[in-house]
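So the structure is just underneath, and the comments pick up after that.
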Amino acid sequence: MTTEYPMVGVVKVKPMEAFRLWVRFSDGSEGVADLSRLTARTGPMVAPLKDPGFFSRVFVGAGVPTWPNGYDYAPSALYAEMRAAGALIPLPMGEGQG
């Protein structure tokens, strides 16, 4: 099975207000992902993410946005969702990816 999206990981993530994340991918693209829909989900793994303080504790673990309780968000799915929403922009030429 092939995909139209490159295999990418997340290299940086910064929490923002209203359950949004600024994300930079390993291909240099970046943008803001609206993850507010997670607040409508149920279950023990997603429940803590409904707290803005907990949501803001996101970090990158092995190229994946991850929270302290072990919940993670597949970078390929995040990339596809952001691309479909028009939320990805390329890294300006000449800038590093770190």
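For the structure tokens, the naming scheme is as follows: chains receive sequential letters (A, B, ...) according to their order of presentation, residues are indexed from 1 within each chain, and ligands are indexed from 1 in presentation order.
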Which parts of segment 16-94 of chain A does DSSP call helix (DSSP H, G or I) when run on the backbone here, written out as an MDAnalysis selection string? chainID A and resid 36:40 47:50 52:55 75:84
Residue selection dump (N, CA and C atoms) as a PDB file, in the first residue's frame:
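Resulting contents of result_6.pdb:
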```pdb
ATOM      1  N   SER A  36      -8.684  20.170  19.154  1.00  0.00           N
ATOM      2  CA  SER A  36      -9.801  20.355  20.083  1.00  0.00           C
ATOM      3  C   SER A  36     -10.808  19.215  19.999  1.00  0.00           C
ATOM      4  N   ARG A  37     -10.841  18.510  18.891  1.00  0.00           N
ATOM      5  CA  ARG A  37     -11.779  17.392  18.766  1.00  0.00           C
ATOM      6  C   ARG A  37     -11.465  16.284  19.762  1.00  0.00           C
ATOM      7  N   LEU A  38     -10.235  16.253  20.273  1.00  0.00           N
ATOM      8  CA  LEU A  38      -9.884  15.246  21.276  1.00  0.00           C
ATOM      9  C   LEU A  38     -10.719  15.414  22.540  1.00  0.00           C
ATOM     10  N   THR A  39     -11.177  16.629  22.820  1.00  0.00           N
ATOM     11  CA  THR A  39     -11.954  16.871  24.029  1.00  0.00           C
ATOM     12  C   THR A  39     -13.329  16.220  23.966  1.00  0.00           C
ATOM     13  N   ALA A  40     -13.768  15.813  22.786  1.00  0.00           N
ATOM     14  CA  ALA A  40     -15.059  15.143  22.643  1.00  0.00           C
ATOM     15  C   ALA A  40     -14.942  13.623  22.797  1.00  0.00           C
ATOM     16  N   ALA A  47      -8.882  11.244  28.376  1.00  0.00           N
ATOM     17  CA  ALA A  47      -9.503  12.088  29.407  1.00  0.00           C
ATOM     18  C   ALA A  47      -8.549  13.147  29.971  1.00  0.00           C
ATOM     19  N   PRO A  48      -7.299  12.821  30.302  1.00  0.00           N
ATOM     20  CA  PRO A  48      -6.412  13.858  30.840  1.00  0.00           C
ATOM     21  C   PRO A  48      -6.128  15.000  29.859  1.00  0.00           C
ATOM     22  N   LEU A  49      -6.205  14.731  28.563  1.00  0.00           N
ATOM     23  CA  LEU A  49      -5.919  15.765  27.567  1.00  0.00           C
ATOM     24  C   LEU A  49      -6.971  16.868  27.553  1.00  0.00           C
ATOM     25  N   LYS A  50      -8.107  16.639  28.175  1.00  0.00           N
ATOM     26  CA  LYS A  50      -9.158  17.652  28.244  1.00  0.00           C
ATOM     27  C   LYS A  50      -8.783  18.790  29.176  1.00  0.00           C
ATOM     28  N   PRO A  52      -6.406  21.694  29.971  1.00  0.00           N
ATOM     29  CA  PRO A  52      -5.411  22.475  29.224  1.00  0.00           C
ATOM     30  C   PRO A  52      -3.999  22.387  29.808  1.00  0.00           C
ATOM     31  N   GLY A  53      -3.894  22.290  31.126  1.00  0.00           N
ATOM     32  CA  GLY A  53      -2.580  22.168  31.751  1.00  0.00           C
ATOM     33  C   GLY A  53      -1.879  20.882  31.369  1.00  0.00           C
ATOM     34  N   PHE A  54      -2.635  19.793  31.329  1.00  0.00           N
ATOM     35  CA  PHE A  54      -2.058  18.515  30.928  1.00  0.00           C
ATOM     36  C   PHE A  54      -1.753  18.515  29.436  1.00  0.00           C
ATOM     37  N   PHE A  55      -2.673  19.039  28.641  1.00  0.00           N
ATOM     38  CA  PHE A  55      -2.470  19.110  27.191  1.00  0.00           C
ATOM     39  C   PHE A  55      -1.162  19.828  26.871  1.00  0.00           C
ATOM     40  N   PRO A  75       2.311  10.663  13.764  1.00  0.00           N
ATOM     41  CA  PRO A  75       2.739  11.794  12.944  1.00  0.00           C
ATOM     42  C   PRO A  75       2.208  11.745  11.515  1.00  0.00           C
ATOM     43  N   SER A  76       2.078  10.547  10.943  1.00  0.00           N
ATOM     44  CA  SER A  76       1.557  10.459   9.576  1.00  0.00           C
ATOM     45  C   SER A  76       0.102  10.903   9.513  1.00  0.00           C
ATOM     46  N   ALA A  77      -0.688  10.554  10.517  1.00  0.00           N
ATOM     47  CA  ALA A  77      -2.088  10.985  10.563  1.00  0.00           C
ATOM     48  C   ALA A  77      -2.173  12.495  10.783  1.00  0.00           C
ATOM     49  N   LEU A  78      -1.348  13.007  11.680  1.00  0.00           N
ATOM     50  CA  LEU A  78      -1.330  14.442  11.945  1.00  0.00           C
ATOM     51  C   LEU A  78      -0.938  15.218  10.698  1.00  0.00           C
ATOM     52  N   TYR A  79       0.076  14.733  10.002  1.00  0.00           N
ATOM     53  CA  TYR A  79       0.538  15.363   8.763  1.00  0.00           C
ATOM     54  C   TYR A  79      -0.584  15.388   7.723  1.00  0.00           C
ATOM     55  N   ALA A  80      -1.239  14.241   7.540  1.00  0.00           N
ATOM     56  CA  ALA A  80      -2.315  14.146   6.547  1.00  0.00           C
ATOM     57  C   ALA A  80      -3.475  15.075   6.896  1.00  0.00           C
ATOM     58  N   GLU A  81      -3.848  15.118   8.177  1.00  0.00           N
ATOM     59  CA  GLU A  81      -4.938  15.989   8.608  1.00  0.00           C
ATOM     60  C   GLU A  81      -4.590  17.463   8.399  1.00  0.00           C
ATOM     61  N   MET A  82      -3.376  17.830   8.760  1.00  0.00           N
ATOM     62  CA  MET A  82      -2.958  19.225   8.607  1.00  0.00           C
ATOM     63  C   MET A  82      -2.862  19.605   7.137  1.00  0.00           C
ATOM     64  N   ARG A  83      -2.357  18.693   6.330  1.00  0.00           N
ATOM     65  CA  ARG A  83      -2.251  18.973   4.892  1.00  0.00           C
ATOM     66  C   ARG A  83      -3.635  19.139   4.271  1.00  0.00           C
ATOM     67  N   ALA A  84      -4.554  18.261   4.621  1.00  0.00           N
ATOM     68  CA  ALA A  84      -5.914  18.336   4.093  1.00  0.00           C
ATOM     69  C   ALA A  84      -6.610  19.627   4.511  1.00  0.00           C
TER      70      ALA A  84
END
```
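Using only C-alpha atoms for every distance, the candidate list A:Met45, A:Gly86, A:Ser29, A:Ser56 yields A:Ser56 as the residue closest to Glu17 of chain A.
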Once DSSP has gone over the backbone, tell me which residues of chain A are in strand (DSSP E or B), as a ChimeraX atom specification. /A:10-16,20-25,30-34,59-61,64-66,72,88-89
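Nearest to Trp67 of chain A of all the residues A:Ser26, A:Ile89, A:Ala18, A:Val13 is A:Val13, counting only C-alpha atoms.
Nearest-residue note for Ala33 of chain A: choosing from A:Lys12, A:Gly61, A:Ala87, A:Thr66, the minimum distance belongs to A:Ala87, counting only C-alpha atoms.
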